[in-house]
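Colleague: To be precise about what I am sending: the file is called entry-v3.tsv and holds TSV, C-alpha atoms.
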chain	number	residue	atom	x	y	z
V	1	ASP	CA	-76.69	42.74	-136.65
V	2	GLY	CA	-80.39	42.06	-136.25
V	3	GLY	CA	-81.85	38.95	-137.71
V	4	ILE	CA	-83.59	35.64	-137.27
V	5	THR	CA	-81.77	32.60	-135.94
V	6	GLN	CA	-83.09	29.12	-136.56
V	7	SER	CA	-81.62	26.06	-134.92
V	8	PRO	CA	-80.63	23.40	-135.50
V	9	LYS	CA	-79.79	23.61	-139.19
V	10	TYR	CA	-80.32	19.85	-139.62
V	11	LEU	CA	-82.61	17.66	-137.53
V	12	PHE	CA	-83.50	14.01	-137.64
V	13	ARG	CA	-86.67	12.56	-136.21
V	14	LYS	CA	-87.41	9.01	-135.24
V	15	GLU	CA	-90.82	7.47	-135.69
V	16	GLY	CA	-93.21	8.49	-132.91
V	17	GLN	CA	-90.98	11.28	-131.71
V	18	ASN	CA	-91.80	14.94	-131.25
V	19	VAL	CA	-89.11	17.43	-132.21
V	20	THR	CA	-88.89	21.17	-131.64
V	21	LEU	CA	-87.42	23.71	-134.03
V	22	SER	CA	-86.14	26.93	-132.54
V	23	CYS	CA	-86.70	30.42	-133.97
V	24	GLU	CA	-85.35	33.54	-132.30
V	25	GLN	CA	-85.45	37.12	-133.64
V	26	ASN	CA	-83.83	40.30	-132.37
V	27	LEU	CA	-85.57	42.62	-134.83
V	28	ASN	CA	-88.23	43.64	-132.30
V	29	HIS	CA	-90.89	42.41	-134.72
V	30	ASP	CA	-94.40	41.71	-133.50
V	31	ALA	CA	-95.37	39.11	-136.08
V	32	MET	CA	-93.75	35.74	-136.60
V	33	TYR	CA	-94.52	32.92	-139.03
V	34	TRP	CA	-93.61	29.31	-139.74
V	35	TYR	CA	-93.52	27.96	-143.28
V	36	ARG	CA	-92.91	24.56	-144.72
V	37	GLN	CA	-91.06	24.31	-148.02
V	38	ASP	CA	-91.23	21.26	-150.26
V	39	PRO	CA	-89.59	21.04	-153.69
V	40	GLY	CA	-91.73	22.65	-156.39
V	41	GLN	CA	-94.44	23.77	-153.96
V	42	GLY	CA	-93.29	27.13	-152.73
V	43	LEU	CA	-93.91	28.04	-149.10
V	44	ARG	CA	-96.93	26.92	-147.15
V	45	LEU	CA	-97.99	28.62	-143.94
V	46	ILE	CA	-98.10	26.41	-140.85
V	47	TYR	CA	-98.72	28.86	-138.00
V	48	TYR	CA	-98.45	32.56	-137.40
V	49	SER	CA	-98.39	34.84	-134.40
V	50	GLN	CA	-99.44	38.46	-134.47
V	51	ILE	CA	-98.41	39.26	-130.93
V	52	VAL	CA	-97.05	37.63	-127.79
V	53	ASN	CA	-99.31	34.94	-126.27
V	54	ASP	CA	-101.36	34.70	-129.44
V	55	PHE	CA	-101.05	32.44	-132.46
V	56	GLN	CA	-103.27	31.17	-135.25
V	57	LYS	CA	-103.33	28.14	-137.52
V	58	GLY	CA	-102.19	28.57	-141.06
V	59	ASP	CA	-103.02	26.43	-144.07
V	60	ILE	CA	-101.29	23.22	-142.95
V	61	ALA	CA	-101.29	23.24	-139.13
V	62	GLU	CA	-102.22	19.59	-138.57
V	63	GLY	CA	-99.44	17.72	-136.80
V	64	TYR	CA	-97.70	20.89	-135.63
V	65	SER	CA	-97.86	23.07	-132.52
V	66	VAL	CA	-96.33	26.39	-131.50
V	67	SER	CA	-96.01	28.74	-128.56
V	68	ARG	CA	-95.30	32.46	-128.27
V	69	GLU	CA	-94.38	33.20	-124.68
V	70	LYS	CA	-91.79	35.82	-125.57
V	71	LYS	CA	-91.76	38.39	-128.34
V	72	GLU	CA	-88.45	37.18	-129.70
V	73	SER	CA	-89.17	33.44	-129.69
V	74	PHE	CA	-91.57	31.28	-131.71
V	75	PRO	CA	-90.67	27.57	-131.46
V	76	LEU	CA	-92.36	24.99	-133.66
V	77	THR	CA	-92.98	21.42	-132.50
V	78	VAL	CA	-93.41	18.74	-135.13
V	79	THR	CA	-95.46	16.06	-133.44
V	80	SER	CA	-95.69	12.36	-134.19
V	81	ALA	CA	-99.08	13.09	-135.73
V	82	GLN	CA	-97.32	14.73	-138.68
V	83	LYS	CA	-96.86	11.70	-140.92
V	84	ASN	CA	-94.73	13.37	-143.57
V	85	PRO	CA	-92.45	15.79	-141.74
V	86	THR	CA	-89.50	15.68	-144.10
V	87	ALA	CA	-89.15	19.24	-145.41
V	88	PHE	CA	-87.29	22.51	-145.08
V	89	TYR	CA	-88.82	24.71	-142.39
V	90	LEU	CA	-88.53	28.47	-142.52
V	91	CYS	CA	-89.27	30.96	-139.78
V	92	ALA	CA	-90.07	34.56	-140.70
V	93	SER	CA	-90.99	37.79	-138.98
V	94	SER	CA	-92.41	41.16	-139.90
V	95	ILE	CA	-92.69	44.44	-138.06
V	96	THR	CA	-96.40	44.08	-137.68
V	97	ALA	CA	-99.02	41.67	-138.90
V	98	PHE	CA	-101.52	44.39	-139.66
V	99	ASN	CA	-101.97	46.42	-142.82
V	100	SER	CA	-98.32	46.92	-143.50
V	101	ASN	CA	-96.35	47.16	-146.70
V	102	GLN	CA	-93.30	45.78	-144.98
V	103	PRO	CA	-91.88	42.46	-146.14
V	104	GLN	CA	-91.11	39.38	-144.16
V	105	HIS	CA	-87.59	38.60	-142.99
V	106	PHE	CA	-86.48	34.99	-143.01
V	107	GLY	CA	-84.16	32.77	-141.04
V	108	ASP	CA	-81.81	30.29	-142.72
V	109	GLY	CA	-84.10	27.34	-142.16
V	110	THR	CA	-84.05	23.91	-140.55
V	111	ARG	CA	-83.99	20.77	-142.67
V	112	LEU	CA	-85.92	17.97	-140.99
V	113	SER	CA	-85.57	14.36	-142.05
V	114	ILE	CA	-86.96	11.07	-140.80
V	115	LEU	CA	-84.55	8.39	-139.60
F	1	ALA	CA	-108.81	33.67	-153.72
F	2	GLN	CA	-105.26	34.86	-153.84
F	3	SER	CA	-102.71	33.05	-155.97
F	4	VAL	CA	-99.34	33.60	-157.49
F	5	THR	CA	-98.19	31.86	-160.65
F	6	GLN	CA	-94.59	31.67	-161.71
F	7	LEU	CA	-94.19	30.48	-165.28
F	8	GLY	CA	-91.30	28.11	-165.68
F	9	SER	CA	-89.95	26.12	-162.76
F	10	HIS	CA	-86.49	26.21	-164.36
F	11	VAL	CA	-84.92	28.95	-166.47
F	12	SER	CA	-81.47	28.72	-168.00
F	13	VAL	CA	-79.52	31.67	-169.41
F	14	SER	CA	-75.96	32.31	-170.47
F	15	GLU	CA	-73.74	34.59	-168.46
F	16	GLY	CA	-74.27	38.16	-169.68
F	17	ALA	CA	-77.71	37.44	-171.14
F	18	LEU	CA	-81.00	38.99	-170.10
F	19	VAL	CA	-82.79	37.38	-167.17
F	20	LEU	CA	-86.61	37.34	-167.27
F	21	LEU	CA	-88.57	35.53	-164.56
F	22	ARG	CA	-92.34	35.70	-164.88
F	23	CYS	CA	-94.89	36.22	-162.14
F	24	ASN	CA	-98.64	36.67	-162.44
F	25	TYR	CA	-101.00	37.16	-159.53
F	26	SER	CA	-104.70	37.15	-158.96
F	27	SER	CA	-106.08	39.84	-156.74
F	28	SER	CA	-109.28	41.77	-156.47
F	29	VAL	CA	-107.52	44.71	-154.87
F	30	PRO	CA	-104.18	46.38	-155.57
F	31	PRO	CA	-101.60	44.09	-154.07
F	32	TYR	CA	-98.27	44.47	-152.41
F	33	LEU	CA	-95.79	42.41	-154.41
F	34	PHE	CA	-92.37	41.03	-153.54
F	35	TRP	CA	-89.54	39.08	-155.12
F	36	TYR	CA	-87.26	36.95	-152.96
F	37	VAL	CA	-84.12	34.98	-153.78
F	38	GLN	CA	-83.09	31.75	-152.09
F	39	TYR	CA	-79.66	30.13	-152.26
F	40	PRO	CA	-79.32	26.43	-151.43
F	41	ASN	CA	-80.05	25.59	-147.80
F	42	GLN	CA	-80.66	29.21	-146.92
F	43	GLY	CA	-83.64	31.38	-146.15
F	44	LEU	CA	-85.30	33.85	-148.46
F	45	GLN	CA	-83.73	37.24	-149.04
F	46	LEU	CA	-85.78	40.20	-150.24
F	47	LEU	CA	-84.81	41.42	-153.71
F	48	LEU	CA	-87.41	44.14	-154.17
F	49	LYS	CA	-90.98	45.12	-153.39
F	50	TYR	CA	-93.82	47.07	-154.94
F	51	THR	CA	-96.31	48.79	-152.68
F	52	THR	CA	-97.50	52.02	-154.28
F	53	GLY	CA	-96.11	54.69	-156.58
F	54	ALA	CA	-93.67	54.04	-159.39
F	55	THR	CA	-94.45	50.81	-161.17
F	56	LEU	CA	-90.84	50.08	-162.09
F	57	VAL	CA	-89.07	48.95	-158.95
F	58	LYS	CA	-85.33	48.57	-158.58
F	59	GLY	CA	-83.85	46.10	-156.17
F	60	ILE	CA	-80.55	44.69	-155.07
F	61	ASN	CA	-77.96	43.00	-157.29
F	62	GLY	CA	-79.16	44.85	-160.41
F	63	PHE	CA	-82.64	43.29	-160.49
F	64	GLU	CA	-85.78	45.22	-161.24
F	65	ALA	CA	-89.46	44.43	-161.71
F	66	GLU	CA	-92.40	46.19	-163.29
F	67	PHE	CA	-95.90	46.13	-161.91
F	68	LYS	CA	-98.44	45.96	-164.73
F	69	LYS	CA	-101.93	46.14	-163.35
F	70	SER	CA	-103.63	45.49	-166.69
F	71	GLU	CA	-101.69	42.26	-167.08
F	72	THR	CA	-101.67	41.37	-163.34
F	73	SER	CA	-97.97	40.75	-163.73
F	74	PHE	CA	-94.80	41.52	-161.80
F	75	HIS	CA	-91.98	40.08	-163.89
F	76	LEU	CA	-88.40	40.18	-162.62
F	77	THR	CA	-85.58	41.21	-164.96
F	78	LYS	CA	-81.86	41.75	-164.98
F	79	PRO	CA	-80.05	43.04	-168.08
F	80	SER	CA	-76.96	40.87	-167.70
F	81	ALA	CA	-76.83	37.60	-165.79
F	82	HIS	CA	-73.92	36.77	-163.53
F	83	MET	CA	-72.90	33.35	-162.32
F	84	SER	CA	-73.73	34.42	-158.77
F	85	ASP	CA	-77.38	34.93	-159.80
F	86	ALA	CA	-77.91	31.18	-159.94
F	87	ALA	CA	-80.53	30.55	-157.25
F	88	GLU	CA	-84.25	30.02	-156.79
F	89	TYR	CA	-86.55	33.02	-157.04
F	90	PHE	CA	-89.94	33.42	-155.44
F	91	CYS	CA	-92.67	35.91	-156.20
F	92	ALA	CA	-95.01	36.75	-153.32
F	93	VAL	CA	-98.14	38.81	-152.84
F	94	ARG	CA	-99.46	40.20	-149.62
F	95	ARG	CA	-103.15	40.19	-148.93
F	96	ALA	CA	-104.81	41.91	-146.02
F	97	LEU	CA	-107.10	39.30	-144.49
F	98	TYR	CA	-109.17	40.74	-141.66
F	99	ASN	CA	-106.35	43.25	-141.23
F	100	PHE	CA	-103.78	40.49	-141.05
F	101	ASN	CA	-100.96	40.36	-143.58
F	102	LYS	CA	-100.96	36.98	-145.25
F	103	PHE	CA	-98.28	36.31	-147.82
F	104	TYR	CA	-98.87	34.01	-150.79
F	105	PHE	CA	-95.83	32.58	-152.54
F	106	GLY	CA	-95.37	31.22	-156.03
F	107	SER	CA	-93.84	27.78	-156.48
F	108	GLY	CA	-90.47	29.27	-157.40
F	109	THR	CA	-88.22	29.45	-160.46
F	110	LYS	CA	-84.73	28.02	-160.41
F	111	LEU	CA	-82.32	30.12	-162.42
F	112	ASN	CA	-79.33	28.43	-163.95
F	113	VAL	CA	-76.54	30.58	-165.39
F	114	LYS	CA	-74.27	28.96	-167.95
F	115	PRO	CA	-70.70	30.16	-168.41
Produce structure tokens that represent the structure in this file.
Modeller:
Amino acid sequence: DGGITQSPKYLFRKEGQNVTLSCEQNLNHDAMYWYRQDPGQGLRLIYYSQIVNDFQKGDIAEGYSVSREKKESFPLTVTSAQKNPTAFYLCASSITAFNSNQPQHFGDGTRLSIL
Amino acid sequence: AQSVTQLGSHVSVSEGALVLLRCNYSSSVPPYLFWYVQYPNQGLQLLLKYTTGATLVKGINGFEAEFKKSETSFHLTKPSAHMSDAAEYFCAVRRALYNFNKFYFGSGTKLNVKP
């Protein structure tokens, strides 16, 4: 079955450490997104990518970085500059990023905590 | 600016009772609207969507929602709650921003179903 795979499911970060969250999709979708979810705040957009080798900052990009070298992969790095990284991170994809009525599809998330 | 407001961060109903989860949006143009459900430590799953056409939209698991333009609302209902409906529900609106689909999410409503 097609879908989005996020790994690991749980991740712990030490102070000063960068960590990378994996997101892989086999839906052949062009657009991919990273969201951060905190209790009572809904989802906030970190980065998005409309097409391979292109990505844009979302609303809360500071302290994060991404790459999009392959259509199916959109890893997120949480850098040491992100002072409050503890959250649930969700990766999503959609068929296209442009003028579409299609919804986003989500992975099962990665929960990141600070040691 | 685009925003989505979900009234009530927690809603509690008895099993078999009507479920009503409220969502209001602000938009200067006709929006595309979505409801998602999230179970603990999982991603978001699409329940239903409104794009154009019939304003009463039916989704999975017996849920439906009605788009009311005059009230800028898209409330989610289910005639009879089941224990398995206990989850968090998110309303989302899609806005075309320079041809890019940006999704705005409400802060979520946690539904508790009492036996």
Colleague: Could you work out which residues of chain V fall inside 8 Å of chain F? Count only C-alpha atoms, and format the result as a list in words.
Modeller: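 Going by the stated atoms only, the list reads Gly40, Gln41, Gly42, Leu43, Arg44, Leu90, Ala97, Phe98, Asn99, Ser100, Asn101, Pro103, His105, Phe106, Gly107, Asp108 and Gly109 of chain V.
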Colleague: If you keep C-alpha atoms, can you produce a file of those selected residues as a short mmCIF file (atom, residue, chain, number, x, y, z; two decimals), keeping the file's coordinate frame?
Modeller:
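The resulting file, out.cif, is reproduced below:
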data_model
loop_
_atom_site.label_atom_id
_atom_site.label_comp_id
_atom_site.auth_asym_id
_atom_site.auth_seq_id
_atom_site.Cartn_x
_atom_site.Cartn_y
_atom_site.Cartn_z
CA GLY V 40 -91.73 22.65 -156.39
CA GLN V 41 -94.44 23.77 -153.96
CA GLY V 42 -93.29 27.13 -152.73
CA LEU V 43 -93.91 28.04 -149.10
CA ARG V 44 -96.93 26.92 -147.15
CA LEU V 90 -88.53 28.47 -142.52
CA ALA V 97 -99.02 41.67 -138.90
CA PHE V 98 -101.52 44.39 -139.66
CA ASN V 99 -101.97 46.42 -142.82
CA SER V 100 -98.32 46.92 -143.50
CA ASN V 101 -96.35 47.16 -146.70
CA PRO V 103 -91.88 42.46 -146.14
CA HIS V 105 -87.59 38.60 -142.99
CA PHE V 106 -86.48 34.99 -143.01
CA GLY V 107 -84.16 32.77 -141.04
CA ASP V 108 -81.81 30.29 -142.72
CA GLY V 109 -84.10 27.34 -142.16
#
Colleague: Please enclose the listed atoms of region 67-83 of chain V in an axis-aligned box, pad each side by 3 Å, and write out the centre and the three edge lengths in Å, rounded to one decimal, as lines of an AutoDock Vina configuration file.
Modeller:
center_x = -93.8
center_y = 25.0
center_z = -132.8
size_x = 16.6
size_y = 32.7
size_z = 22.2
Colleague: Quick one: residues within 8 Å of Lys71 (chain V), all atoms listed in the file, excluding same-chain residues fewer than 2 positions away - as a PyMOL selection string?
Modeller: chain V and resi 28-30+51-52+68-69+73-74
Colleague: What's the 10 Å shell around His82 (chain F), counting only C-alpha atoms, without same-chain residues fewer than 2 positions away, as a list in words?
Modeller: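 Non-adjacent residues within range: Val13, Ser14, Glu15, Gly16, Ala17, Leu18, Val19, Asn61, Lys78, Pro79, Ser80, Ser84, Asp85, Ala86, Asn112, Val113, Lys114 and Pro115 of chain F.
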Colleague: Rounded to one decimal place, report the CA of Leu7 (chain F)-CA of Arg22 (chain F) distance in Å.
Modeller: 5.6 Å
Colleague: Just how far from CA of Leu47 (chain F) is CA of Ala92 (chain V), in Å to one decimal?
Modeller: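 Taking CA of Ala92 (chain V) and CA of Leu47 (chain F), their separation equals 15.6 Å.
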Colleague: Just the number, please: distance in Å from CA of Gly2 (chain V) to CA of Trp34 (chain V), one decimal.
Modeller: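 If I compute the distance from CA of Gly2 (chain V) to CA of Trp34 (chain V), I get 18.7 Å.
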Colleague: From the set V:Val66, V:Gly3, V:Arg111, V:Ile46, which residue has the shortest atom-to-atom contact distance to Ser94 (chain V), counting only C-alpha atoms?
Modeller: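 Looking at the shortest contact to Ser94 (chain V), the residue is V:Gly3.
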Colleague: Using all atoms listed in the file, which residue out of V:Tyr33, V:Gln102, V:Tyr89, V:Ala81 lies closest to Lys9 (chain V)?
Modeller: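 Of V:Tyr33, V:Gln102, V:Tyr89, V:Ala81, the one nearest Lys9 (chain V) is V:Tyr89, counting all atoms listed in the file.
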Colleague: Can you take the partial region 74-88 of chain F, add N, CA and C atoms, and return it as an mmCIF file, keeping the file's coordinate frame?
Modeller:
data_model
loop_
_atom_site.group_PDB
_atom_site.id
_atom_site.type_symbol
_atom_site.label_atom_id
_atom_site.label_comp_id
_atom_site.auth_asym_id
_atom_site.auth_seq_id
_atom_site.Cartn_x
_atom_site.Cartn_y
_atom_site.Cartn_z
ATOM 1 N N PHE F 74 -95.900 40.885 -162.550
ATOM 2 C CA PHE F 74 -94.800 41.520 -161.800
ATOM 3 C C PHE F 74 -93.539 40.746 -162.152
ATOM 4 N N HIS F 75 -93.113 40.857 -163.398
ATOM 5 C CA HIS F 75 -91.980 40.080 -163.890
ATOM 6 C C HIS F 75 -90.658 40.671 -163.398
ATOM 7 N N LEU F 76 -89.720 39.792 -163.117
ATOM 8 C CA LEU F 76 -88.400 40.180 -162.620
ATOM 9 C C LEU F 76 -87.391 40.138 -163.762
ATOM 10 N N THR F 77 -86.573 41.172 -163.887
ATOM 11 C CA THR F 77 -85.580 41.210 -164.960
ATOM 12 C C THR F 77 -84.235 41.663 -164.435
ATOM 13 N N LYS F 78 -83.213 41.257 -165.203
ATOM 14 C CA LYS F 78 -81.860 41.750 -164.980
ATOM 15 C C LYS F 78 -81.185 41.787 -166.329
ATOM 16 N N PRO F 79 -80.584 42.911 -166.714
ATOM 17 C CA PRO F 79 -80.050 43.040 -168.080
ATOM 18 C C PRO F 79 -78.950 42.037 -168.410
ATOM 19 N N SER F 80 -78.120 41.709 -167.419
ATOM 20 C CA SER F 80 -76.960 40.870 -167.700
ATOM 21 C C SER F 80 -76.754 39.896 -166.552
ATOM 22 N N ALA F 81 -76.931 38.624 -166.839
ATOM 23 C CA ALA F 81 -76.830 37.600 -165.790
ATOM 24 C C ALA F 81 -75.378 37.376 -165.375
ATOM 25 N N HIS F 82 -75.224 37.115 -164.088
ATOM 26 C CA HIS F 82 -73.920 36.770 -163.530
ATOM 27 C C HIS F 82 -74.019 35.392 -162.920
ATOM 28 N N MET F 83 -72.894 34.716 -162.874
ATOM 29 C CA MET F 83 -72.900 33.350 -162.320
ATOM 30 C C MET F 83 -73.483 33.332 -160.901
ATOM 31 N N SER F 84 -73.249 34.375 -160.148
ATOM 32 C CA SER F 84 -73.730 34.420 -158.770
ATOM 33 C C SER F 84 -75.249 34.581 -158.670
ATOM 34 N N ASP F 85 -75.917 34.810 -159.808
ATOM 35 C CA ASP F 85 -77.380 34.930 -159.800
ATOM 36 C C ASP F 85 -78.072 33.571 -159.770
ATOM 37 N N ALA F 86 -77.317 32.517 -159.955
ATOM 38 C CA ALA F 86 -77.910 31.180 -159.940
ATOM 39 C C ALA F 86 -78.495 30.895 -158.564
ATOM 40 N N ALA F 87 -79.808 30.712 -158.510
ATOM 41 C CA ALA F 87 -80.530 30.550 -157.250
ATOM 42 C C ALA F 87 -81.988 30.257 -157.597
ATOM 43 N N GLU F 88 -82.813 30.159 -156.572
ATOM 44 C CA GLU F 88 -84.250 30.020 -156.790
ATOM 45 C C GLU F 88 -84.927 31.338 -156.406
#
